[in-house]
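Engineer: This is structure.tsv, which holds TSV, C-alpha atoms:
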```
chain	number	residue	atom	x	y	z
A	1	MET	CA	11.99	21.59	14.60
A	2	ARG	CA	10.39	24.04	12.18
A	3	ARG	CA	11.26	23.74	8.54
A	4	PRO	CA	13.00	26.64	6.82
A	5	THR	CA	10.31	28.33	4.75
A	6	GLU	CA	12.10	28.10	1.41
A	7	LEU	CA	12.84	24.42	1.85
A	8	TRP	CA	9.26	23.77	2.85
A	9	ARG	CA	8.03	25.54	-0.28
A	10	ARG	CA	10.25	23.32	-2.42
A	11	ILE	CA	9.00	20.22	-0.64
A	12	ARG	CA	5.38	21.24	-1.02
A	13	SER	CA	5.98	21.84	-4.70
A	14	GLY	CA	7.61	18.44	-5.10
A	15	VAL	CA	4.85	16.68	-3.19
A	16	ASP	CA	2.18	18.49	-5.18
A	17	ALA	CA	3.81	17.32	-8.40
A	18	LEU	CA	3.86	13.75	-7.16
A	19	MET	CA	0.18	13.96	-6.27
A	20	ARG	CA	-0.93	15.54	-9.51
A	21	PRO	CA	-1.81	13.31	-12.44
A	22	PRO	CA	-0.62	12.51	-15.01
A	23	GLU	CA	2.92	13.20	-13.80
A	24	GLY	CA	2.51	11.52	-10.47
A	25	PRO	CA	1.51	8.03	-9.41
A	26	VAL	CA	-1.70	9.23	-7.79
A	27	SER	CA	-4.78	9.45	-9.98
A	28	ASP	CA	-8.50	9.87	-9.54
A	29	GLU	CA	-11.00	7.15	-10.28
A	30	ARG	CA	-12.59	7.34	-13.71
A	31	ALA	CA	-15.42	5.54	-15.45
A	32	PRO	CA	-14.39	2.24	-17.03
A	33	ASP	CA	-13.97	2.27	-20.81
A	34	LEU	CA	-16.44	-0.45	-21.78
A	35	LEU	CA	-16.47	0.42	-25.49
A	36	ALA	CA	-12.90	-0.65	-26.18
A	37	PRO	CA	-12.38	-3.69	-23.95
A	38	ARG	CA	-9.11	-5.59	-23.80
A	39	VAL	CA	-8.72	-9.34	-23.51
A	40	TYR	CA	-6.42	-11.10	-21.08
A	41	GLU	CA	-5.80	-14.79	-21.58
A	42	SER	CA	-3.57	-17.18	-19.72
A	43	ARG	CA	-3.30	-20.95	-19.71
A	44	ARG	CA	-6.28	-21.53	-17.43
A	45	PHE	CA	-8.56	-18.53	-17.90
A	46	ARG	CA	-9.64	-15.78	-20.21
A	47	LEU	CA	-11.49	-12.51	-19.57
A	48	SER	CA	-12.26	-9.08	-20.98
A	49	TYR	CA	-11.58	-5.90	-19.02
A	50	PRO	CA	-12.15	-2.17	-19.55
A	51	GLY	CA	-9.82	-0.49	-22.00
A	52	ASN	CA	-8.54	2.03	-19.46
A	53	TRP	CA	-7.76	-0.56	-16.76
A	54	GLY	CA	-4.38	-2.26	-16.38
A	55	VAL	CA	-3.23	-5.83	-15.78
A	56	VAL	CA	-0.29	-7.00	-13.69
A	57	GLU	CA	0.58	-10.68	-14.03
A	58	ALA	CA	1.20	-12.63	-10.83
A	59	GLU	CA	4.80	-13.31	-10.00
A	60	GLY	CA	6.07	-16.60	-8.71
A	61	GLU	CA	4.75	-20.10	-9.20
A	62	GLY	CA	1.02	-19.49	-9.25
A	63	GLU	CA	-1.02	-18.41	-12.25
A	64	GLY	CA	-3.07	-15.26	-11.91
A	65	CYS	CA	-3.22	-11.53	-12.34
A	66	SER	CA	-4.39	-8.27	-10.79
A	67	ILE	CA	-6.56	-5.89	-12.77
A	68	HIS	CA	-6.42	-2.26	-11.66
A	69	SER	CA	-8.84	0.57	-12.30
A	70	PRO	CA	-7.43	4.05	-13.01
A	71	GLY	CA	-8.06	4.86	-9.35
A	72	HIS	CA	-7.47	2.29	-6.65
A	73	SER	CA	-10.05	-0.42	-7.09
A	74	LEU	CA	-8.74	-3.79	-8.11
A	75	LEU	CA	-9.67	-7.33	-8.92
A	76	GLN	CA	-7.27	-10.19	-8.32
A	77	ILE	CA	-7.46	-13.70	-9.76
A	78	ASN	CA	-5.49	-16.61	-8.33
A	79	ILE	CA	-5.48	-20.05	-9.95
A	80	PHE	CA	-4.64	-23.19	-8.02
A	81	GLU	CA	-3.58	-26.45	-9.66
A	82	PRO	CA	-4.28	-29.16	-8.87
A	83	THR	CA	-7.71	-28.15	-7.79
A	84	VAL	CA	-8.45	-27.51	-4.13
A	85	PRO	CA	-11.91	-27.46	-2.56
A	86	ALA	CA	-13.55	-24.08	-3.18
A	87	ASP	CA	-14.72	-23.72	0.40
A	88	GLU	CA	-11.21	-24.33	1.69
A	89	ALA	CA	-9.70	-21.79	-0.71
A	90	LEU	CA	-12.34	-19.22	0.19
A	91	GLU	CA	-11.84	-19.47	3.93
A	92	ALA	CA	-8.05	-19.45	3.59
A	93	HIS	CA	-8.18	-16.20	1.64
A	94	ALA	CA	-10.64	-14.60	4.06
A	95	GLU	CA	-8.37	-15.55	6.95
A	96	ALA	CA	-5.31	-14.18	5.18
A	97	PHE	CA	-6.85	-10.73	4.94
A	98	SER	CA	-8.03	-10.64	8.53
A	99	ASP	CA	-4.76	-9.54	10.11
A	100	THR	CA	-4.06	-6.81	7.61
A	101	LEU	CA	-7.34	-5.37	6.39
A	102	THR	CA	-10.61	-6.87	7.47
A	103	ARG	CA	-10.65	-7.86	11.14
A	104	GLY	CA	-14.05	-7.11	12.63
A	105	PHE	CA	-15.74	-6.62	9.28
A	106	GLU	CA	-19.36	-7.47	8.58
A	107	ARG	CA	-19.43	-10.79	6.77
A	108	ASP	CA	-22.15	-11.92	4.34
A	109	GLU	CA	-22.29	-14.88	2.04
A	110	VAL	CA	-22.89	-14.15	-1.62
A	111	ALA	CA	-23.40	-16.64	-4.42
A	112	GLY	CA	-22.10	-16.70	-7.96
A	113	TRP	CA	-19.62	-14.58	-9.84
A	114	GLY	CA	-20.50	-14.02	-13.47
A	115	SER	CA	-21.40	-17.39	-14.90
A	116	LEU	CA	-19.29	-19.23	-12.33
A	117	GLU	CA	-20.99	-21.35	-9.71
A	118	ALA	CA	-18.90	-19.77	-7.03
A	119	ARG	CA	-19.30	-19.43	-3.32
A	120	GLY	CA	-18.46	-15.96	-2.10
A	121	LEU	CA	-17.98	-13.79	0.96
A	122	ARG	CA	-18.53	-10.08	1.23
A	123	LEU	CA	-16.45	-8.39	3.93
A	124	ARG	CA	-17.52	-4.83	4.67
A	125	GLY	CA	-15.87	-2.23	6.86
A	126	PRO	CA	-13.18	0.44	6.91
A	127	LEU	CA	-10.18	-1.03	5.11
A	128	LEU	CA	-7.03	-0.66	7.19
A	129	ALA	CA	-9.35	0.77	9.85
A	130	HIS	CA	-9.78	3.89	7.77
A	131	VAL	CA	-11.27	3.75	4.27
A	132	PRO	CA	-14.88	2.53	3.95
A	133	GLY	CA	-15.11	-0.25	1.43
A	134	GLU	CA	-15.43	-3.95	0.92
A	135	LEU	CA	-13.66	-7.06	-0.21
A	136	ARG	CA	-15.64	-9.68	-2.08
A	137	ILE	CA	-13.94	-13.06	-2.33
A	138	PHE	CA	-15.21	-15.83	-4.58
A	139	ALA	CA	-13.96	-19.35	-5.15
A	140	ALA	CA	-14.96	-21.84	-7.83
A	141	ALA	CA	-13.47	-25.18	-8.79
A	142	SER	CA	-13.41	-26.94	-12.13
A	143	GLU	CA	-11.96	-30.39	-12.77
A	144	ALA	CA	-8.61	-28.85	-13.65
A	145	ALA	CA	-8.20	-25.83	-11.40
A	146	THR	CA	-9.65	-23.71	-8.64
A	147	ALA	CA	-10.08	-19.99	-9.18
A	148	VAL	CA	-10.19	-17.46	-6.36
A	149	ILE	CA	-11.37	-13.98	-7.28
A	150	ILE	CA	-10.94	-10.98	-4.97
A	151	GLU	CA	-12.67	-7.69	-5.64
A	152	GLN	CA	-11.58	-4.63	-3.67
A	153	ILE	CA	-13.87	-1.63	-3.94
A	154	TYR	CA	-14.02	1.61	-1.96
A	155	ASP	CA	-17.47	2.96	-1.15
A	156	GLU	CA	-16.80	6.34	-2.72
A	157	ASP	CA	-15.91	4.72	-6.06
A	158	ARG	CA	-18.46	1.91	-6.10
A	159	GLY	CA	-20.92	3.41	-8.56
A	160	LEU	CA	-18.16	4.38	-10.96
A	161	VAL	CA	-16.27	1.09	-11.09
A	162	ARG	CA	-19.02	-1.48	-10.70
A	163	PRO	CA	-19.65	-1.77	-14.51
A	164	GLY	CA	-15.97	-2.58	-14.99
A	165	PHE	CA	-16.13	-5.39	-12.46
A	166	ALA	CA	-19.32	-6.65	-14.10
A	167	MET	CA	-17.58	-6.78	-17.50
A	168	ILE	CA	-14.77	-8.90	-16.09
A	169	ALA	CA	-17.12	-11.26	-14.25
A	170	SER	CA	-19.43	-11.78	-17.21
A	171	SER	CA	-16.55	-12.54	-19.59
A	172	PHE	CA	-14.50	-14.79	-17.32
A	173	GLU	CA	-13.95	-18.35	-18.55
A	174	LEU	CA	-12.14	-20.88	-16.40
A	175	GLY	CA	-10.39	-23.88	-17.94
A	176	ILE	CA	-9.09	-22.39	-21.20
A	177	GLY	CA	-6.38	-24.62	-22.66
A	178	GLY	CA	-7.34	-27.59	-20.55
A	179	ARG	CA	-10.34	-29.40	-19.15
A	180	ARG	CA	-13.20	-27.25	-18.02
B	1	MET	CA	28.90	8.48	12.46
B	2	SER	CA	29.15	5.30	10.40
B	3	GLU	CA	30.17	1.87	11.65
B	4	ASP	CA	33.77	2.54	10.64
B	5	GLY	CA	33.77	5.76	12.59
B	6	GLU	CA	33.37	8.11	9.65
B	7	ASN	CA	31.09	11.10	10.03
B	8	LEU	CA	28.41	10.94	7.38
B	9	GLN	CA	25.78	13.40	6.33
B	10	PRO	CA	22.31	12.02	5.60
B	11	ARG	CA	21.76	11.39	1.93
B	12	ASP	CA	19.21	13.84	0.53
B	13	HIS	CA	17.34	11.16	-1.42
B	14	HIS	CA	16.95	8.92	1.64
B	15	TYR	CA	16.14	11.79	4.00
B	16	LEU	CA	13.62	13.49	1.74
B	17	PHE	CA	11.71	10.27	1.14
B	18	ALA	CA	11.26	9.42	4.83
B	19	HIS	CA	11.00	12.89	6.36
B	20	ARG	CA	9.43	15.09	3.74
B	21	VAL	CA	7.89	13.40	0.72
B	22	LEU	CA	6.16	10.42	2.31
B	23	PRO	CA	4.70	12.45	5.19
B	24	GLY	CA	3.73	15.09	2.65
B	25	LEU	CA	1.79	12.51	0.67
B	26	VAL	CA	0.22	11.05	3.81
B	27	PHE	CA	-0.94	14.35	5.27
B	28	ALA	CA	-2.10	15.73	1.92
B	29	GLU	CA	-4.65	12.93	1.43
B	30	PRO	CA	-4.60	10.26	4.14
B	31	SER	CA	-7.43	8.19	2.70
B	32	ARG	CA	-5.95	8.27	-0.80
B	33	PHE	CA	-2.59	7.22	0.57
B	34	ALA	CA	-4.21	4.28	2.38
B	35	GLN	CA	-6.06	3.20	-0.76
B	36	ILE	CA	-2.90	3.24	-2.84
B	37	MET	CA	-0.88	1.32	-0.31
B	38	ILE	CA	-3.56	-1.33	0.11
B	39	GLY	CA	-3.79	-1.95	-3.61
B	40	GLN	CA	-0.46	-1.06	-5.17
B	41	GLY	CA	1.91	-0.34	-2.34
B	42	GLU	CA	5.14	-1.70	-3.75
B	43	ALA	CA	4.74	-0.10	-7.17
B	44	PHE	CA	3.75	3.19	-5.59
B	45	LEU	CA	6.73	3.33	-3.23
B	46	MET	CA	9.12	2.45	-6.03
B	47	GLN	CA	7.63	5.14	-8.24
B	48	VAL	CA	7.80	7.83	-5.58
B	49	TRP	CA	11.37	6.84	-4.66
B	50	GLY	CA	12.39	7.00	-8.30
B	51	MET	CA	10.83	10.42	-8.86
B	52	ILE	CA	12.50	12.21	-5.97
B	53	PRO	CA	15.91	12.97	-7.53
B	54	GLU	CA	14.32	14.71	-10.50
B	55	GLN	CA	11.64	16.48	-8.47
B	56	PHE	CA	14.18	17.89	-6.05
B	57	GLY	CA	17.15	18.28	-8.37
B	58	LEU	CA	19.39	15.81	-6.54
B	59	ALA	CA	22.76	14.80	-7.95
B	60	GLU	CA	23.02	11.62	-5.88
B	61	ARG	CA	20.53	8.80	-6.36
B	62	VAL	CA	20.17	6.06	-3.75
B	63	GLU	CA	19.22	2.60	-4.99
B	64	PRO	CA	15.90	1.36	-3.57
B	65	ALA	CA	17.27	-2.00	-2.40
B	66	GLY	CA	15.41	-2.86	0.77
B	67	LEU	CA	12.41	-0.60	0.13
B	68	GLY	CA	9.23	-2.43	1.08
B	69	TYR	CA	6.12	-2.29	3.22
B	70	SER	CA	3.59	-4.25	5.23
B	71	LEU	CA	0.04	-3.69	6.44
B	72	ALA	CA	-1.23	-4.58	9.88
B	73	LEU	CA	-4.34	-4.20	12.01
B	74	ALA	CA	-3.79	-3.85	15.74
B	75	GLU	CA	-6.06	-5.28	18.41
B	76	ASP	CA	-7.33	-1.77	19.16
B	77	ALA	CA	-8.57	-1.56	15.54
B	78	THR	CA	-5.98	0.91	14.36
B	79	GLY	CA	-4.44	0.24	10.98
B	80	MET	CA	-0.73	0.57	10.32
B	81	ILE	CA	1.40	0.77	7.20
B	82	THR	CA	5.07	0.12	7.89
B	83	VAL	CA	7.52	1.18	5.20
B	84	ARG	CA	11.03	-0.26	5.26
B	85	LEU	CA	13.78	1.84	3.75
B	86	PRO	CA	17.16	0.98	2.27
B	87	PRO	CA	19.56	0.56	5.19
B	88	PRO	CA	20.40	3.91	6.79
B	89	ARG	CA	24.02	4.90	7.13
B	90	ALA	CA	23.87	8.36	8.70
B	91	VAL	CA	22.16	9.92	11.68
B	92	THR	CA	18.49	10.87	11.00
B	93	GLU	CA	18.19	8.49	8.06
B	94	ALA	CA	15.31	6.14	8.85
B	95	HIS	CA	15.29	2.37	9.16
B	96	MET	CA	11.54	2.45	8.69
B	97	VAL	CA	8.51	4.66	9.06
B	98	ALA	CA	4.93	3.88	10.00
B	99	VAL	CA	1.63	5.50	9.18
B	100	VAL	CA	-1.07	4.83	11.76
B	101	PHE	CA	-4.74	5.19	10.92
B	102	GLY	CA	-7.56	5.38	13.38
B	103	PRO	CA	-11.24	5.64	12.52
B	104	LYS	CA	-11.81	8.14	9.73
B	105	ASP	CA	-13.75	10.55	11.93
B	106	GLN	CA	-10.86	10.80	14.38
B	107	ASP	CA	-7.22	11.82	13.97
B	108	PRO	CA	-6.73	11.03	10.26
B	109	ALA	CA	-3.17	9.75	10.39
B	110	ARG	CA	0.00	9.77	12.47
B	111	TYR	CA	3.46	9.37	10.98
B	112	PHE	CA	6.27	7.78	13.01
B	113	THR	CA	9.93	7.31	12.18
B	114	LEU	CA	12.60	4.94	13.48
B	115	GLU	CA	15.87	6.67	12.79
B	116	LEU	CA	19.52	5.73	13.03
B	117	GLY	CA	21.40	7.46	15.81
B	118	TYR	CA	24.57	7.06	17.83
B	119	SER	CA	25.11	7.12	21.55
B	120	LEU	CA	27.66	9.38	23.20
B	121	ASP	CA	30.18	6.54	23.08
B	122	ASP	CA	29.53	6.09	19.35
B	123	ARG	CA	27.46	2.95	19.53
B	124	PRO	CA	24.56	2.71	17.07
B	125	ARG	CA	21.10	3.22	18.51
B	126	THR	CA	17.68	4.01	17.16
B	127	VAL	CA	15.56	7.09	17.76
B	128	LEU	CA	11.77	7.06	17.72
B	129	GLY	CA	10.24	10.17	16.19
B	130	GLU	CA	7.01	11.54	14.79
B	131	TRP	CA	6.10	14.13	12.22
B	132	ALA	CA	3.01	15.90	13.54
B	133	GLN	CA	0.82	18.89	12.71
B	134	GLY	CA	0.53	17.88	9.09
B	135	GLY	CA	4.24	17.28	8.78
B	136	GLU	CA	5.24	20.66	10.16
B	137	LEU	CA	6.55	19.58	13.54
B	138	HIS	CA	9.01	16.83	14.43
B	139	ALA	CA	8.82	15.20	17.86
B	140	ASN	CA	11.68	13.14	19.26
B	141	PHE	CA	10.77	10.39	21.74
B	142	GLY	CA	14.33	9.30	22.49
B	143	ASP	CA	15.70	5.78	22.29
B	144	GLY	CA	13.73	3.53	19.98
B	145	PRO	CA	13.46	-0.26	19.70
B	146	SER	CA	15.60	-2.53	17.57
B	147	PRO	CA	15.00	-1.90	13.87
B	148	GLU	CA	12.52	-4.74	13.40
B	149	GLU	CA	8.94	-4.28	12.31
B	150	GLY	CA	7.36	-6.02	15.26
B	151	ALA	CA	9.39	-4.07	17.78
B	152	PHE	CA	8.65	-0.80	15.96
B	153	ARG	CA	4.91	-1.50	15.89
B	154	ALA	CA	4.93	-2.42	19.58
B	155	ALA	CA	6.79	0.77	20.50
B	156	ILE	CA	4.27	2.87	18.58
B	157	ALA	CA	1.36	1.05	20.23
B	158	ARG	CA	2.86	1.79	23.67
B	159	LEU	CA	3.37	5.41	22.73
B	160	ILE	CA	-0.20	5.84	21.50
B	161	ALA	CA	-1.64	4.04	24.52
B	162	GLY	CA	0.31	6.32	26.81
B	163	GLY	CA	-1.10	9.39	25.12
```
Would you write the structure of this file as structure tokens?

Structural biologist:
Amino acid sequence: MRRPTELWRRIRSGVDALMRPPEGPVSDERAPDLLAPRVYESRRFRLSYPGNWGVVEAEGEGEGCSIHSPGHSLLQINIFEPTVPADEALEAHAEAFSDTLTRGFERDEVAGWGSLEARGLRLRGPLLAHVPGELRIFAAASEAATAVIIEQIYDEDRGLVRPGFAMIASSFELGIGGRR
Amino acid sequence: MSEDGENLQPRDHHYLFAHRVLPGLVFAEPSRFAQIMIGQGEAFLMQVWGMIPEQFGLAERVEPAGLGYSLALAEDATGMITVRLPPPRAVTEAHMVAVVFGPKDQDPARYFTLELGYSLDDRPRTVLGEWAQGGELHANFGDGPSPEEGAFRAAIARLIAGG
């Protein structure tokens, strides 16, 4: 079935508007604003993030948040209370992503996230079988809580967003409001 | 035809989302679409759904109840985004659609639909379809599976495997 030309023109126009920032929900990646950082603090953690990134608080029972760049990179923090072993939390998260994003990915171990003594995994490959990128998953446990941090970065944006991720990692404090 | 026997026209809002806007977004920038859905899928779908009436000058707005999505990787290493729509009530309105991604250097994306239909004796059925050639051409593959995600994904996998 061929579309009528006039209708197709209207559709193209509507789709173009949806794709075009700032009207639409699709935007290009931009450099993180490191000069005007914002602070996010919850019961168990505190961090600074770039001024032009956004935070979405986790819904449901668990504490946590997702921090989004202007493009499509993101960092997610999940807090578990009471504490669970970091290794267990790390493997559970890696397994959870396997069926949807990362099956067959290269897997490397990485150590430390910011000042946290965290164990981490780097999973590299085409996300959803299509977009080259990586997930980095870290887990660290304090006496009061376990934190799992997930970084999602696309290869084409890596150089642009990496300083934003570094700001978050270097400012992250686990255990605010309770025992460290 | 609706369940009570009434002839219904597809609602513009519902139809445009599944058959025009979403495939338009997919085919315009497949990789960008995948990135958005991986990171912010629910918010993105809600935003696009909400923008359609204004963008296309529609008088009737359909509530997004039931709009959702899931991601899946198949054994053959293809990635799939399945988008569930508010329940269809007229022929050609979609139960769900699926975007299938292969390796980036191959066919960038395929867009399948599972639409509501009625048999000649007025019993509800589903119809499996695909928007191809960048959203310019609609293919109809006949009877589709039950409107469940697993059955839809399996039907698409069989279709792709069979060429």

Engineer: Using all atoms listed in the file, find the one residue out of B:Gly102, B:Pro87, B:Pro23, B:Gly66 that sits nearest to chain A.

Structural biologist: B:Gly102

Engineer: List the spatial neighbours of range 70-78 of chain B as a PDB file with C-alpha atoms, in the coordinates of the input - criterion: any atom at most 12 Å away, all atoms listed in the file, same-chain residues fewer than 3 positions off excluded.

Structural biologist:
```pdb
ATOM      1  CA  ALA A  96      -5.310 -14.180   5.180  1.00  0.00           C
ATOM      2  CA  PHE A  97      -6.850 -10.730   4.940  1.00  0.00           C
ATOM      3  CA  SER A  98      -8.030 -10.640   8.530  1.00  0.00           C
ATOM      4  CA  ASP A  99      -4.760  -9.540  10.110  1.00  0.00           C
ATOM      5  CA  THR A 100      -4.060  -6.810   7.610  1.00  0.00           C
ATOM      6  CA  LEU A 101      -7.340  -5.370   6.390  1.00  0.00           C
ATOM      7  CA  THR A 102     -10.610  -6.870   7.470  1.00  0.00           C
ATOM      8  CA  ARG A 103     -10.650  -7.860  11.140  1.00  0.00           C
ATOM      9  CA  GLY A 104     -14.050  -7.110  12.630  1.00  0.00           C
ATOM     10  CA  PHE A 105     -15.740  -6.620   9.280  1.00  0.00           C
ATOM     11  CA  GLY A 125     -15.870  -2.230   6.860  1.00  0.00           C
ATOM     12  CA  PRO A 126     -13.180   0.440   6.910  1.00  0.00           C
ATOM     13  CA  LEU A 127     -10.180  -1.030   5.110  1.00  0.00           C
ATOM     14  CA  LEU A 128      -7.030  -0.660   7.190  1.00  0.00           C
ATOM     15  CA  ALA A 129      -9.350   0.770   9.850  1.00  0.00           C
ATOM     16  CA  HIS A 130      -9.780   3.890   7.770  1.00  0.00           C
ATOM     17  CA  VAL A 131     -11.270   3.750   4.270  1.00  0.00           C
TER      18      VAL A 131
ATOM     19  CA  ALA B  34      -4.210   4.280   2.380  1.00  0.00           C
ATOM     20  CA  GLN B  35      -6.060   3.200  -0.760  1.00  0.00           C
ATOM     21  CA  ILE B  36      -2.900   3.240  -2.840  1.00  0.00           C
ATOM     22  CA  MET B  37      -0.880   1.320  -0.310  1.00  0.00           C
ATOM     23  CA  ILE B  38      -3.560  -1.330   0.110  1.00  0.00           C
ATOM     24  CA  GLY B  39      -3.790  -1.950  -3.610  1.00  0.00           C
ATOM     25  CA  GLN B  40      -0.460  -1.060  -5.170  1.00  0.00           C
ATOM     26  CA  GLY B  41       1.910  -0.340  -2.340  1.00  0.00           C
ATOM     27  CA  GLU B  42       5.140  -1.700  -3.750  1.00  0.00           C
ATOM     28  CA  LEU B  45       6.730   3.330  -3.230  1.00  0.00           C
ATOM     29  CA  LEU B  67      12.410  -0.600   0.130  1.00  0.00           C
ATOM     30  CA  ILE B  81       1.400   0.770   7.200  1.00  0.00           C
ATOM     31  CA  THR B  82       5.070   0.120   7.890  1.00  0.00           C
ATOM     32  CA  VAL B  83       7.520   1.180   5.200  1.00  0.00           C
ATOM     33  CA  ARG B  84      11.030  -0.260   5.260  1.00  0.00           C
ATOM     34  CA  LEU B  85      13.780   1.840   3.750  1.00  0.00           C
ATOM     35  CA  MET B  96      11.540   2.450   8.690  1.00  0.00           C
ATOM     36  CA  VAL B  97       8.510   4.660   9.060  1.00  0.00           C
ATOM     37  CA  ALA B  98       4.930   3.880  10.000  1.00  0.00           C
ATOM     38  CA  VAL B  99       1.630   5.500   9.180  1.00  0.00           C
ATOM     39  CA  VAL B 100      -1.070   4.830  11.760  1.00  0.00           C
ATOM     40  CA  PHE B 101      -4.740   5.190  10.920  1.00  0.00           C
ATOM     41  CA  GLY B 102      -7.560   5.380  13.380  1.00  0.00           C
ATOM     42  CA  PRO B 103     -11.240   5.640  12.520  1.00  0.00           C
ATOM     43  CA  LYS B 104     -11.810   8.140   9.730  1.00  0.00           C
ATOM     44  CA  GLN B 106     -10.860  10.800  14.380  1.00  0.00           C
ATOM     45  CA  ASP B 107      -7.220  11.820  13.970  1.00  0.00           C
ATOM     46  CA  PRO B 108      -6.730  11.030  10.260  1.00  0.00           C
ATOM     47  CA  ALA B 109      -3.170   9.750  10.390  1.00  0.00           C
ATOM     48  CA  ARG B 110       0.000   9.770  12.470  1.00  0.00           C
ATOM     49  CA  GLU B 149       8.940  -4.280  12.310  1.00  0.00           C
ATOM     50  CA  GLY B 150       7.360  -6.020  15.260  1.00  0.00           C
ATOM     51  CA  ARG B 153       4.910  -1.500  15.890  1.00  0.00           C
ATOM     52  CA  ALA B 154       4.930  -2.420  19.580  1.00  0.00           C
ATOM     53  CA  ILE B 156       4.270   2.870  18.580  1.00  0.00           C
ATOM     54  CA  ALA B 157       1.360   1.050  20.230  1.00  0.00           C
ATOM     55  CA  ARG B 158       2.860   1.790  23.670  1.00  0.00           C
ATOM     56  CA  ILE B 160      -0.200   5.840  21.500  1.00  0.00           C
ATOM     57  CA  ALA B 161      -1.640   4.040  24.520  1.00  0.00           C
TER      58      ALA B 161
END
```

Engineer: Between B:Ala90, B:Met46, B:Val62, B:Leu120, which one has atoms that come closest to chain A, using all atoms listed in the file?

Structural biologist: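 Using all atoms listed in the file, the shortest distance to chain A belongs to B:Met46.
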
Engineer: Grab the CA of Gly54 in chain A to CA of Ile67 in chain A distance for me, in Å with one decimal place.

Structural biologist: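 Between CA of Gly54 in chain A and CA of Ile67 in chain A the gap is 5.6 Å.
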
Engineer: For CA of Ser42 in chain A and CA of Ala169 in chain A, quote the distance in Å rounded to one decimal.

Structural biologist: 15.8 Å

Engineer: For the atom pair CA of Gly57 in chain B and CA of Leu25 in chain B, what is the interatomic distance in Å to one decimal place?

Structural biologist: 18.7 Å

Engineer: Give me the residues near Arg122 in chain A as a ChimeraX atom specification, where near means some atom within 9 Å (using only C-alpha atoms) and where sequence neighbours in that chain fewer than 4 positions away do not count.

Structural biologist: /A:106-110,134-138

Engineer: Between B:Phe141, B:Ala59, B:Phe112, B:Arg125, which is the closest to His19 in chain B once you count all atoms listed in the file?

Structural biologist: B:Phe112

Engineer: Give me the box for range 39-53 of chain B as AutoDock Vina command-line options, namely the centre and edge lengths in Å to one decimal of a box along x, y and z that holds every listed atom plus 5 Å on each side.

Structural biologist:
```
--center_x 6.1 --center_y 5.5 --center_z -5.6 --size_x 29.7 --size_y 24.9 --size_z 16.5
```

Engineer: Restricting the calculation to all atoms listed in the file: of B:Glu63, B:Val21, B:Ala139, B:Phe152, which residue gets closest to Met80 in chain B?

Structural biologist: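 Comparing B:Glu63, B:Val21, B:Ala139, B:Phe152 against Met80 in chain B, the winner is B:Phe152.
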
Engineer: Could you list as an NGL selection string every residue that has an atom within 12 Å of (-24.9, -16.4, -6.0), using the file's coordinates and counting all atoms listed in the file?

Structural biologist: :A and (108-122 or 138-140)

Engineer: Could you list, as a list in words, every residue within 9 Å of Gly135 in chain B, counting only C-alpha atoms and ignoring same-chain residues fewer than 4 positions away?

Structural biologist: His19, Arg20, Pro23, Gly24, Val26, Phe27, Tyr111, Glu130 and Trp131 of chain B
